[in-house]
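Student: This is upload13.tsv (TSV, C-alpha atoms).
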```
chain	number	residue	atom	x	y	z
I	1	MET	CA	-25.17	21.73	-88.31
I	2	ILE	CA	-28.74	22.96	-88.33
I	3	GLU	CA	-31.52	21.06	-86.67
I	4	HIS	CA	-33.06	20.05	-89.97
I	5	ASP	CA	-29.84	18.35	-91.03
I	6	ILE	CA	-29.54	16.61	-87.68
I	7	LYS	CA	-33.02	15.17	-87.97
I	8	LYS	CA	-32.26	14.05	-91.52
I	9	ILE	CA	-29.11	12.27	-90.41
I	10	LEU	CA	-30.92	10.72	-87.45
I	11	LYS	CA	-33.41	9.22	-89.89
I	12	GLU	CA	-30.54	7.82	-91.93
I	13	LEU	CA	-29.35	5.99	-88.82
I	14	LYS	CA	-32.42	3.83	-89.24
I	15	ASN	CA	-30.37	1.93	-91.82
I	16	VAL	CA	-28.19	0.49	-89.07
I	17	SER	CA	-29.10	-3.18	-88.95
I	18	PRO	CA	-27.81	-6.36	-87.29
I	19	ASP	CA	-25.65	-8.92	-89.01
I	20	PRO	CA	-27.89	-11.55	-90.70
I	21	GLY	CA	-25.76	-14.40	-89.37
I	22	PHE	CA	-26.16	-13.17	-85.82
I	23	THR	CA	-29.90	-12.73	-86.32
I	24	ALA	CA	-30.35	-16.30	-87.55
I	25	ARG	CA	-28.29	-17.81	-84.71
I	26	SER	CA	-29.92	-15.68	-82.05
I	27	ARG	CA	-33.42	-16.43	-83.30
I	28	ARG	CA	-32.80	-20.17	-83.27
I	29	ILE	CA	-31.37	-20.12	-79.75
I	30	VAL	CA	-34.08	-17.85	-78.35
I	31	LEU	CA	-36.96	-19.88	-79.74
I	32	SER	CA	-35.53	-23.15	-78.51
I	33	SER	CA	-34.74	-21.76	-75.06
I	34	LYS	CA	-38.34	-21.97	-73.87
I	35	ASN	CA	-38.34	-25.79	-74.19
I	36	ARG	CA	-35.31	-26.09	-71.95
I	37	THR	CA	-36.33	-23.60	-69.31
I	38	SER	CA	-39.82	-25.04	-69.02
I	39	LEU	CA	-38.65	-28.63	-69.13
I	40	ALA	CA	-39.91	-29.27	-65.66
I	41	ASP	CA	-43.30	-27.93	-66.55
I	42	PHE	CA	-43.28	-30.04	-69.67
I	43	TRP	CA	-42.47	-33.18	-67.72
I	44	HIS	CA	-45.10	-32.42	-65.13
I	45	PHE	CA	-47.61	-31.94	-67.88
I	46	LYS	CA	-46.42	-35.06	-69.65
I	47	ASN	CA	-46.62	-37.11	-66.45
I	48	TYR	CA	-50.08	-35.80	-65.83
I	49	LEU	CA	-51.05	-36.87	-69.33
I	50	GLU	CA	-49.50	-40.30	-68.85
I	51	VAL	CA	-51.32	-40.85	-65.56
I	52	ALA	CA	-54.55	-39.65	-67.05
I	53	ARG	CA	-54.09	-41.90	-70.05
I	54	LEU	CA	-53.27	-44.91	-67.85
I	55	GLY	CA	-56.27	-44.29	-65.67
I	56	LEU	CA	-58.49	-44.00	-68.68
I	57	THR	CA	-57.10	-47.22	-70.14
I	58	VAL	CA	-57.64	-49.15	-66.90
I	59	GLY	CA	-61.13	-47.76	-66.51
I	60	LEU	CA	-62.13	-48.58	-70.05
I	61	THR	CA	-60.66	-52.07	-69.75
I	62	ALA	CA	-62.62	-52.71	-66.56
I	63	ILE	CA	-65.81	-51.48	-68.20
I	64	LEU	CA	-65.11	-53.67	-71.22
I	65	ILE	CA	-64.52	-56.78	-69.10
I	66	PHE	CA	-67.64	-56.09	-67.09
I	67	ALA	CA	-69.62	-55.61	-70.25
I	68	ILE	CA	-68.31	-58.86	-71.73
I	69	PHE	CA	-69.19	-60.91	-68.68
I	70	GLY	CA	-72.50	-59.21	-68.35
I	71	GLY	CA	-73.24	-59.87	-71.99
I	72	VAL	CA	-72.26	-63.53	-71.74
I	73	SER	CA	-74.47	-63.97	-68.71
I	74	PHE	CA	-77.32	-62.24	-70.46
I	75	ILE	CA	-76.89	-64.44	-73.55
I	76	ASN	CA	-76.74	-67.58	-71.45
I	77	GLN	CA	-79.93	-66.73	-69.67
I	78	ARG	CA	-81.73	-65.58	-72.73
I	79	PHE	CA	-80.65	-68.25	-75.17
I	80	SER	CA	-80.11	-71.25	-72.90
I	81	PRO	CA	-81.97	-74.49	-74.10
I	82	ILE	CA	-83.06	-75.20	-70.51
I	83	PRO	CA	-85.92	-73.04	-69.21
I	84	ALA	CA	-85.04	-71.11	-66.06
I	85	GLY	CA	-87.68	-72.82	-63.90
I	86	LEU	CA	-86.73	-76.26	-65.10
I	87	ASN	CA	-83.13	-75.50	-64.54
I	88	GLN	CA	-83.89	-74.79	-60.89
I	89	SER	CA	-85.86	-78.05	-60.42
I	90	LEU	CA	-82.96	-80.00	-61.87
I	91	ILE	CA	-80.68	-78.39	-59.36
I	92	THR	CA	-83.02	-79.31	-56.48
I	93	GLU	CA	-83.27	-82.89	-57.69
I	94	ALA	CA	-79.53	-83.12	-57.97
I	95	GLU	CA	-79.19	-81.89	-54.41
I	96	GLU	CA	-81.64	-84.57	-53.22
I	97	VAL	CA	-79.69	-87.27	-55.01
I	98	ASN	CA	-76.54	-85.96	-53.42
I	99	SER	CA	-78.18	-86.20	-50.01
I	100	SER	CA	-79.30	-89.80	-50.62
I	101	ILE	CA	-75.87	-90.80	-51.70
I	102	GLN	CA	-74.41	-89.22	-48.64
I	103	ILE	CA	-76.86	-91.12	-46.36
I	104	ALA	CA	-75.96	-94.39	-48.03
I	105	LEU	CA	-72.29	-93.66	-47.62
I	106	ASN	CA	-72.83	-92.96	-43.93
I	107	GLU	CA	-74.64	-96.28	-43.54
I	108	VAL	CA	-71.87	-98.18	-45.25
I	109	ALA	CA	-69.37	-96.59	-42.93
I	110	TYR	CA	-71.45	-97.64	-39.91
I	111	LEU	CA	-71.81	-101.22	-41.11
I	112	ASP	CA	-68.14	-101.43	-41.74
I	113	GLN	CA	-67.42	-100.30	-38.23
I	114	SER	CA	-69.93	-102.78	-36.79
I	115	ASN	CA	-68.46	-105.60	-38.83
I	116	SER	CA	-65.05	-104.90	-37.41
I	117	GLN	CA	-66.47	-105.04	-33.88
I	118	THR	CA	-68.24	-108.39	-34.57
I	119	ILE	CA	-65.10	-109.96	-35.89
I	120	LYS	CA	-63.26	-109.00	-32.75
I	121	THR	CA	-65.98	-110.52	-30.57
I	122	ILE	CA	-65.96	-113.79	-32.50
I	123	GLU	CA	-62.21	-113.99	-32.19
I	124	LYS	CA	-62.48	-113.40	-28.52
I	125	VAL	CA	-65.04	-116.11	-28.11
I	126	ALA	CA	-63.10	-118.48	-30.27
I	127	SER	CA	-59.93	-117.95	-28.33
I	128	ALA	CA	-61.62	-118.65	-24.95
I	129	LYS	CA	-60.39	-122.16	-23.65
I	130	PRO	CA	-63.12	-124.47	-22.71
I	131	GLU	CA	-62.95	-125.84	-19.04
I	132	PRO	CA	-61.77	-129.32	-18.73
I	133	GLU	CA	-64.92	-131.29	-18.42
I	134	LYS	CA	-65.56	-134.63	-16.79
I	135	GLU	CA	-67.09	-137.02	-18.93
I	136	ALA	CA	-70.31	-135.52	-18.80
I	137	PRO	CA	-73.19	-136.96	-20.14
I	138	ALA	CA	-73.61	-136.28	-23.78
I	139	LYS	CA	-76.57	-134.14	-22.98
I	140	GLU	CA	-74.39	-131.61	-21.03
I	141	THR	CA	-71.78	-131.36	-23.88
I	142	ALA	CA	-74.47	-130.68	-26.34
I	143	THR	CA	-75.79	-128.01	-24.00
I	144	SER	CA	-72.39	-126.30	-23.88
I	145	ALA	CA	-72.22	-126.22	-27.64
I	146	GLU	CA	-75.71	-124.87	-27.74
I	147	ILE	CA	-74.74	-122.17	-25.31
I	148	VAL	CA	-71.84	-121.06	-27.52
I	149	ASP	CA	-74.07	-121.05	-30.56
I	150	GLN	CA	-76.62	-119.04	-28.71
I	151	GLU	CA	-73.99	-116.49	-27.71
I	152	ILE	CA	-72.84	-116.20	-31.28
I	153	TYR	CA	-76.42	-115.71	-32.48
I	154	ASN	CA	-76.94	-113.06	-29.82
I	155	LEU	CA	-73.83	-111.17	-30.93
I	156	LEU	CA	-74.88	-111.33	-34.57
I	157	ASP	CA	-78.32	-109.99	-33.65
I	158	GLN	CA	-76.67	-107.10	-31.85
I	159	ALA	CA	-74.49	-106.29	-34.81
I	160	SER	CA	-77.36	-106.31	-37.25
I	161	GLN	CA	-79.48	-103.92	-35.19
P	1	MET	CA	-47.31	-2.87	-85.12
P	2	LEU	CA	-47.82	-6.26	-86.75
P	3	ASP	CA	-51.12	-7.11	-88.38
P	4	GLY	CA	-53.04	-9.23	-85.92
P	5	GLU	CA	-50.36	-8.58	-83.35
P	6	GLU	CA	-52.66	-9.13	-80.40
P	7	LYS	CA	-53.50	-12.66	-81.55
P	8	ILE	CA	-49.83	-13.35	-82.25
P	9	ILE	CA	-48.94	-12.24	-78.73
P	10	ILE	CA	-51.71	-14.39	-77.25
P	11	ASP	CA	-50.36	-17.39	-79.15
P	12	ALA	CA	-46.86	-16.61	-77.94
P	13	ILE	CA	-48.11	-16.43	-74.36
P	14	LYS	CA	-49.63	-19.87	-74.88
P	15	GLY	CA	-46.14	-21.06	-75.72
P	16	GLU	CA	-46.15	-21.13	-79.50
P	17	ALA	CA	-42.57	-20.48	-80.51
P	18	SER	CA	-43.57	-19.70	-84.09
P	19	ALA	CA	-45.70	-16.81	-82.84
P	20	PHE	CA	-42.84	-15.36	-80.85
P	21	GLY	CA	-40.68	-15.88	-83.93
P	22	LEU	CA	-42.91	-13.45	-85.82
P	23	LEU	CA	-42.45	-10.87	-83.08
P	24	TYR	CA	-38.71	-11.49	-83.13
P	25	ASP	CA	-38.51	-10.95	-86.88
P	26	LYS	CA	-40.49	-7.73	-86.66
P	27	TYR	CA	-38.76	-6.02	-83.72
P	28	GLN	CA	-35.25	-7.46	-83.47
P	29	PRO	CA	-33.68	-4.99	-85.96
P	30	GLN	CA	-34.97	-1.89	-84.16
P	31	ILE	CA	-34.07	-3.24	-80.73
P	32	TYR	CA	-30.58	-4.01	-81.99
P	33	ARG	CA	-30.34	-0.53	-83.47
P	34	PHE	CA	-31.51	1.09	-80.24
P	35	ILE	CA	-28.94	-0.80	-78.17
P	36	TYR	CA	-26.14	-0.34	-80.70
P	37	LEU	CA	-26.61	3.43	-80.77
P	38	LYS	CA	-26.45	3.46	-76.97
P	39	VAL	CA	-23.50	1.16	-76.29
P	40	GLY	CA	-21.61	1.94	-79.47
P	41	GLN	CA	-20.13	-1.54	-80.01
P	42	ARG	CA	-21.54	-4.17	-82.34
P	43	GLU	CA	-20.60	-7.27	-80.33
P	44	GLU	CA	-21.96	-5.81	-77.11
P	45	ALA	CA	-25.11	-4.76	-78.93
P	46	GLU	CA	-25.57	-8.31	-80.29
P	47	ASP	CA	-25.15	-9.86	-76.84
P	48	LEU	CA	-27.58	-7.44	-75.24
P	49	THR	CA	-30.12	-7.81	-78.04
P	50	HIS	CA	-29.97	-11.57	-77.70
P	51	GLN	CA	-30.48	-11.24	-73.94
P	52	VAL	CA	-33.46	-8.92	-74.42
P	53	PHE	CA	-35.31	-11.47	-76.56
P	54	LEU	CA	-34.36	-14.36	-74.28
P	55	ASN	CA	-35.85	-12.50	-71.34
P	56	ALA	CA	-38.90	-11.49	-73.34
P	57	TRP	CA	-39.62	-15.06	-74.44
P	58	LYS	CA	-39.00	-16.41	-70.96
P	59	ASN	CA	-41.33	-13.87	-69.36
P	60	ILE	CA	-43.89	-13.51	-72.13
P	61	GLU	CA	-46.66	-14.51	-69.72
P	62	LYS	CA	-46.08	-11.28	-67.82
P	63	TYR	CA	-46.84	-9.13	-70.85
P	64	GLN	CA	-49.86	-6.86	-70.43
P	65	PHE	CA	-51.78	-5.30	-73.28
P	66	LYS	CA	-51.78	-1.50	-72.95
P	67	GLY	CA	-52.81	-0.51	-76.45
P	68	PHE	CA	-49.25	0.03	-77.63
P	69	PRO	CA	-47.10	-2.17	-79.88
P	70	PHE	CA	-45.25	-5.11	-78.41
P	71	SER	CA	-42.06	-3.14	-79.07
P	72	SER	CA	-42.84	-0.83	-76.12
P	73	TRP	CA	-42.33	-3.75	-73.76
P	74	LEU	CA	-39.16	-4.76	-75.61
P	75	TYR	CA	-37.77	-1.25	-75.32
P	76	GLN	CA	-38.37	-1.30	-71.58
P	77	ILE	CA	-36.45	-4.55	-71.30
P	78	SER	CA	-33.71	-3.10	-73.52
P	79	ARG	CA	-33.32	-0.01	-71.36
P	80	ASN	CA	-32.95	-2.18	-68.28
P	81	GLU	CA	-30.41	-4.39	-70.02
P	82	VAL	CA	-28.28	-1.40	-71.01
P	83	ILE	CA	-28.50	0.03	-67.47
P	84	ASP	CA	-27.36	-3.31	-66.06
P	85	TYR	CA	-24.64	-3.47	-68.70
P	86	TYR	CA	-23.20	-0.12	-67.62
P	87	ARG	CA	-23.64	-1.02	-63.96
P	88	THR	CA	-21.64	-4.22	-64.29
P	89	LYS	CA	-19.11	-2.97	-66.80
P	90	LYS	CA	-18.69	0.39	-65.00
P	91	GLN	CA	-17.46	2.04	-68.10
P	92	ASP	CA	-18.53	4.94	-70.21
P	93	ALA	CA	-18.91	4.54	-73.94
P	94	ASP	CA	-15.42	4.91	-75.38
P	95	ILE	CA	-15.91	7.10	-78.38
P	96	GLU	CA	-12.64	5.93	-79.93
P	97	LYS	CA	-13.92	2.33	-79.95
P	98	ILE	CA	-17.07	3.09	-81.91
P	99	PRO	CA	-16.56	1.43	-85.28
P	100	GLU	CA	-17.19	3.22	-88.51
P	101	PRO	CA	-20.48	2.33	-90.16
P	102	GLU	CA	-20.26	0.14	-93.20
P	103	ILE	CA	-20.15	1.99	-96.49
P	104	ILE	CA	-23.15	0.72	-98.41
P	105	ASP	CA	-22.84	2.96	-101.47
P	106	PRO	CA	-19.29	3.91	-102.49
P	107	THR	CA	-20.46	7.13	-104.21
P	108	GLU	CA	-19.07	10.34	-102.81
P	109	ARG	CA	-22.43	11.48	-101.52
P	110	LYS	CA	-22.97	8.29	-99.55
P	111	ILE	CA	-19.46	8.34	-98.15
P	112	ASP	CA	-20.06	11.83	-96.87
P	113	LEU	CA	-23.39	10.81	-95.43
P	114	ASN	CA	-21.86	7.82	-93.72
P	115	PHE	CA	-19.25	10.09	-92.23
P	116	GLN	CA	-21.90	12.40	-90.88
P	117	MET	CA	-23.85	9.48	-89.52
P	118	ASN	CA	-20.78	8.33	-87.65
P	119	VAL	CA	-20.25	11.79	-86.21
P	120	VAL	CA	-23.86	11.99	-85.03
P	121	ARG	CA	-23.63	8.51	-83.58
P	122	ARG	CA	-20.60	9.47	-81.54
P	123	ALA	CA	-22.39	12.56	-80.29
P	124	ILE	CA	-25.46	10.54	-79.24
P	125	ALA	CA	-23.21	8.27	-77.18
P	126	ARG	CA	-22.15	11.32	-75.17
P	127	LEU	CA	-25.70	12.22	-74.16
P	128	GLY	CA	-27.38	11.09	-70.95
P	129	GLN	CA	-29.24	7.76	-71.01
P	130	GLU	CA	-32.70	9.31	-71.02
P	131	GLN	CA	-31.81	11.82	-73.75
P	132	GLN	CA	-30.35	9.02	-75.86
P	133	ASP	CA	-33.53	6.99	-75.46
P	134	ILE	CA	-35.82	9.85	-76.44
P	135	LEU	CA	-33.73	10.91	-79.44
P	136	ILE	CA	-33.46	7.37	-80.77
P	137	MET	CA	-37.14	6.50	-80.23
P	138	ARG	CA	-38.56	9.84	-81.46
P	139	PHE	CA	-36.26	10.71	-84.39
P	140	ILE	CA	-34.79	7.42	-85.54
P	141	GLU	CA	-37.62	4.96	-84.82
P	142	GLU	CA	-40.24	7.72	-85.22
P	143	MET	CA	-42.34	6.61	-82.29
P	144	SER	CA	-45.11	8.79	-80.90
P	145	PRO	CA	-44.56	10.85	-77.71
P	146	GLU	CA	-47.28	8.76	-76.02
P	147	GLU	CA	-45.50	5.50	-76.77
P	148	VAL	CA	-42.15	6.92	-75.63
P	149	ALA	CA	-43.87	8.17	-72.46
P	150	VAL	CA	-45.01	4.62	-71.62
P	151	ILE	CA	-41.53	3.26	-72.15
P	152	ILE	CA	-39.64	5.79	-70.06
P	153	GLY	CA	-42.42	6.13	-67.52
P	154	LYS	CA	-43.04	9.84	-67.88
P	155	PRO	CA	-45.90	11.95	-69.24
P	156	ALA	CA	-46.08	12.64	-72.96
P	157	ALA	CA	-45.72	16.40	-72.35
P	158	THR	CA	-42.48	15.72	-70.49
P	159	VAL	CA	-41.26	13.65	-73.42
P	160	ARG	CA	-41.78	16.62	-75.78
P	161	VAL	CA	-39.79	18.87	-73.49
P	162	LEU	CA	-37.03	16.30	-73.05
P	163	GLN	CA	-36.73	15.65	-76.79
P	164	HIS	CA	-36.28	19.35	-77.44
P	165	ARG	CA	-33.52	19.51	-74.83
P	166	ALA	CA	-31.88	16.36	-76.21
P	167	LEU	CA	-31.87	17.74	-79.73
P	168	LYS	CA	-30.32	21.00	-78.52
P	169	LYS	CA	-27.65	19.13	-76.57
P	170	LEU	CA	-26.83	17.01	-79.62
P	171	ARG	CA	-26.51	20.12	-81.77
P	172	ASP	CA	-24.16	21.65	-79.24
P	173	LEU	CA	-22.01	18.51	-79.25
P	174	LEU	CA	-21.86	18.48	-83.04
P	175	GLU	CA	-20.89	22.14	-83.11
P	176	GLU	CA	-18.22	21.39	-80.54
P	177	ASN	CA	-16.93	18.50	-82.68
P	178	LYS	CA	-16.94	20.69	-85.74
P	179	ASN	CA	-14.83	23.28	-84.03
P	180	ASP	CA	-12.30	20.69	-82.78
```
Starting from the file, lay out its structure as structure tokens.

Tutor:
Amino acid sequence: MIEHDIKKILKELKNVSPDPGFTARSRRIVLSSKNRTSLADFWHFKNYLEVARLGLTVGLTAILIFAIFGGVSFINQRFSPIPAGLNQSLITEAEEVNSSIQIALNEVAYLDQSNSQTIKTIEKVASAKPEPEKEAPAKETATSAEIVDQEIYNLLDQASQ
Amino acid sequence: MLDGEEKIIIDAIKGEASAFGLLYDKYQPQIYRFIYLKVGQREEAEDLTHQVFLNAWKNIEKYQFKGFPFSSWLYQISRNEVIDYYRTKKQDADIEKIPEPEIIDPTERKIDLNFQMNVVRRAIARLGQEQQDILIMRFIEEMSPEEVAVIIGKPAATVRVLQHRALKKLRDLLEENKND
């Protein structure tokens, strides 16, 4: 066989081709293989995306909340019916009233305590037995009663101070 | 080479399966043919061809543009696959197992041509690996000596010398077969 014929036959061998069924199956398997082999990479990338998305969501939410509160505060200050200066004087006045009330409450507590002490003293005096007395002259009896009255008046003066 | 092949390869490197699908459609038939003519068995050729494209898709990021078609890289992978095939199988191509090519045209002329094709195919299988590669790439796939040189890793001038020797060896084998 001369060289020319060999080359001609070699060119004819170019007609050798794969089975179409094999080609279709192989193509499908090959092209889907990359997804499986790089699954780890895919999941890493997906996790990265998820984390990034979560971070972005949290950040935007925080900014939104901050903006809302900031806006409400701004609106309150800007559109409030009470002028800012007047608002402050009202607060001061309210604090002074609070202080007065507190002073009065303290005073009531003190009087209550004093009252309790006075009652105890009167009870003590009242429970003290008088000494058997000879028939004293009426003047001396009256003096004893006056003495007791005087003691009572003295105690009441002390309590009221 | 495909139109816009460089862009297609870049897309494939990015991971676009559809881009690699275009490369598969373009080069799978010639890679199959190359392997089939070397190993001589259709099932083995299908398995090896499938493995070549699996490896190519898996390692597409390693592809480097050298001014030659994407097929050059595929041929390199194919050569390695066939070498590994023979290394693991530890068998020579059994000429008796090479199936007859399908008869496409039942006319007498075509039958005769198919017969001759089968004879030449058997003779190619008896050549050395490098001679097979050069004959198939130069005379069947009609690739340039420069492209073949890149694939086999030798200078283009060496490829021209080797192809001449391969062709002479093939002729001798055919003459030997004719005389048998």

Student: What is the atom CA of P:Pro145 to atom CA of I:Glu3 distance in Å?

Tutor: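 Result for atom CA of P:Pro145 versus atom CA of I:Glu3: 18.8 Å, one decimal.
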
Student: Applying 12 Å and all atoms listed in the file, which residues near P:Ile83 remain after dropping the ones on its own chain fewer than 2 positions away? List them as a PDB file with C-alpha atoms, in the frame of the given file.

Tutor:
```pdb
ATOM      1  CA  ILE P  35     -28.940  -0.800 -78.170  1.00  0.00           C
ATOM      2  CA  LYS P  38     -26.450   3.460 -76.970  1.00  0.00           C
ATOM      3  CA  VAL P  39     -23.500   1.160 -76.290  1.00  0.00           C
ATOM      4  CA  LEU P  48     -27.580  -7.440 -75.240  1.00  0.00           C
ATOM      5  CA  GLN P  76     -38.370  -1.300 -71.580  1.00  0.00           C
ATOM      6  CA  ILE P  77     -36.450  -4.550 -71.300  1.00  0.00           C
ATOM      7  CA  SER P  78     -33.710  -3.100 -73.520  1.00  0.00           C
ATOM      8  CA  ARG P  79     -33.320  -0.010 -71.360  1.00  0.00           C
ATOM      9  CA  ASN P  80     -32.950  -2.180 -68.280  1.00  0.00           C
ATOM     10  CA  GLU P  81     -30.410  -4.390 -70.020  1.00  0.00           C
ATOM     11  CA  TYR P  85     -24.640  -3.470 -68.700  1.00  0.00           C
ATOM     12  CA  TYR P  86     -23.200  -0.120 -67.620  1.00  0.00           C
ATOM     13  CA  ARG P  87     -23.640  -1.020 -63.960  1.00  0.00           C
ATOM     14  CA  THR P  88     -21.640  -4.220 -64.290  1.00  0.00           C
ATOM     15  CA  LYS P  89     -19.110  -2.970 -66.800  1.00  0.00           C
ATOM     16  CA  LYS P  90     -18.690   0.390 -65.000  1.00  0.00           C
ATOM     17  CA  GLN P  91     -17.460   2.040 -68.100  1.00  0.00           C
ATOM     18  CA  ASP P  92     -18.530   4.940 -70.210  1.00  0.00           C
ATOM     19  CA  GLY P 128     -27.380  11.090 -70.950  1.00  0.00           C
ATOM     20  CA  GLN P 129     -29.240   7.760 -71.010  1.00  0.00           C
ATOM     21  CA  GLU P 130     -32.700   9.310 -71.020  1.00  0.00           C
ATOM     22  CA  ASP P 133     -33.530   6.990 -75.460  1.00  0.00           C
TER      23      ASP P 133
END
```

Student: Using all atoms listed in the file and a cut-off of 7 Å, which residues of chain P sit close to chain I? Please list them as an MDAnalysis selection string.

Tutor: chainID P and resid 17 21 29 32:33 50 53:54 58 117 139:141 171 175

Student: Grab the atom CA of P:Lys168 to atom CA of P:Asn118 distance for me, in Å with one decimal place.

Tutor: 18.3 Å

Student: Would you mind telling me which residue in P:Gln41, P:Asn55, P:Gln131, P:Ser71 lies nearest to P:Ile151 when using all atoms listed in the file?

Tutor: P:Ser71

Student: Compare P:Glu176, P:Asp47, P:Asp112, P:Glu146 by their minimum atom-to-atom distance to P:Arg160, counting all atoms listed in the file, and give me the closest one.

Tutor: P:Glu146

Student: Which residues come within 12 Å of P:Ser72, counting only C-alpha atoms, excluding same-chain residues fewer than 5 positions away, as a compact mmCIF listing (two decimals) with C-alpha atoms, in the frame of the given file?

Tutor:
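What landed in selection_12.txt:
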```
# COMPACT_ATOMS: atom_id res chain seq x y z
CA MET P 1 -47.31 -2.87 -85.12
CA TYR P 27 -38.76 -6.02 -83.72
CA GLN P 30 -34.97 -1.89 -84.16
CA ILE P 31 -34.07 -3.24 -80.73
CA ALA P 56 -38.90 -11.49 -73.34
CA TYR P 63 -46.84 -9.13 -70.85
CA GLN P 64 -49.86 -6.86 -70.43
CA PHE P 65 -51.78 -5.30 -73.28
CA LYS P 66 -51.78 -1.50 -72.95
CA GLY P 67 -52.81 -0.51 -76.45
CA ILE P 77 -36.45 -4.55 -71.30
CA SER P 78 -33.71 -3.10 -73.52
CA ARG P 79 -33.32 -0.01 -71.36
CA MET P 137 -37.14 6.50 -80.23
CA GLU P 141 -37.62 4.96 -84.82
CA MET P 143 -42.34 6.61 -82.29
CA SER P 144 -45.11 8.79 -80.90
CA PRO P 145 -44.56 10.85 -77.71
CA GLU P 146 -47.28 8.76 -76.02
CA GLU P 147 -45.50 5.50 -76.77
CA VAL P 148 -42.15 6.92 -75.63
CA ALA P 149 -43.87 8.17 -72.46
CA VAL P 150 -45.01 4.62 -71.62
CA ILE P 151 -41.53 3.26 -72.15
CA ILE P 152 -39.64 5.79 -70.06
CA GLY P 153 -42.42 6.13 -67.52
```

Student: Find the spatial neighbours of P:Phe20, counting all atoms listed in the file, within a cut-off of 9 Å - ignore same-chain residues fewer than 4 positions away - and output them as a ChimeraX atom specification.

Tutor: /I:31 /P:8-9,11-13,15-16,24-25,57,60

Student: Quick one: pull the distance between atom CA of P:Lys7 and atom CA of P:Tyr75, Å, one decimal.

Tutor: 20.4 Å
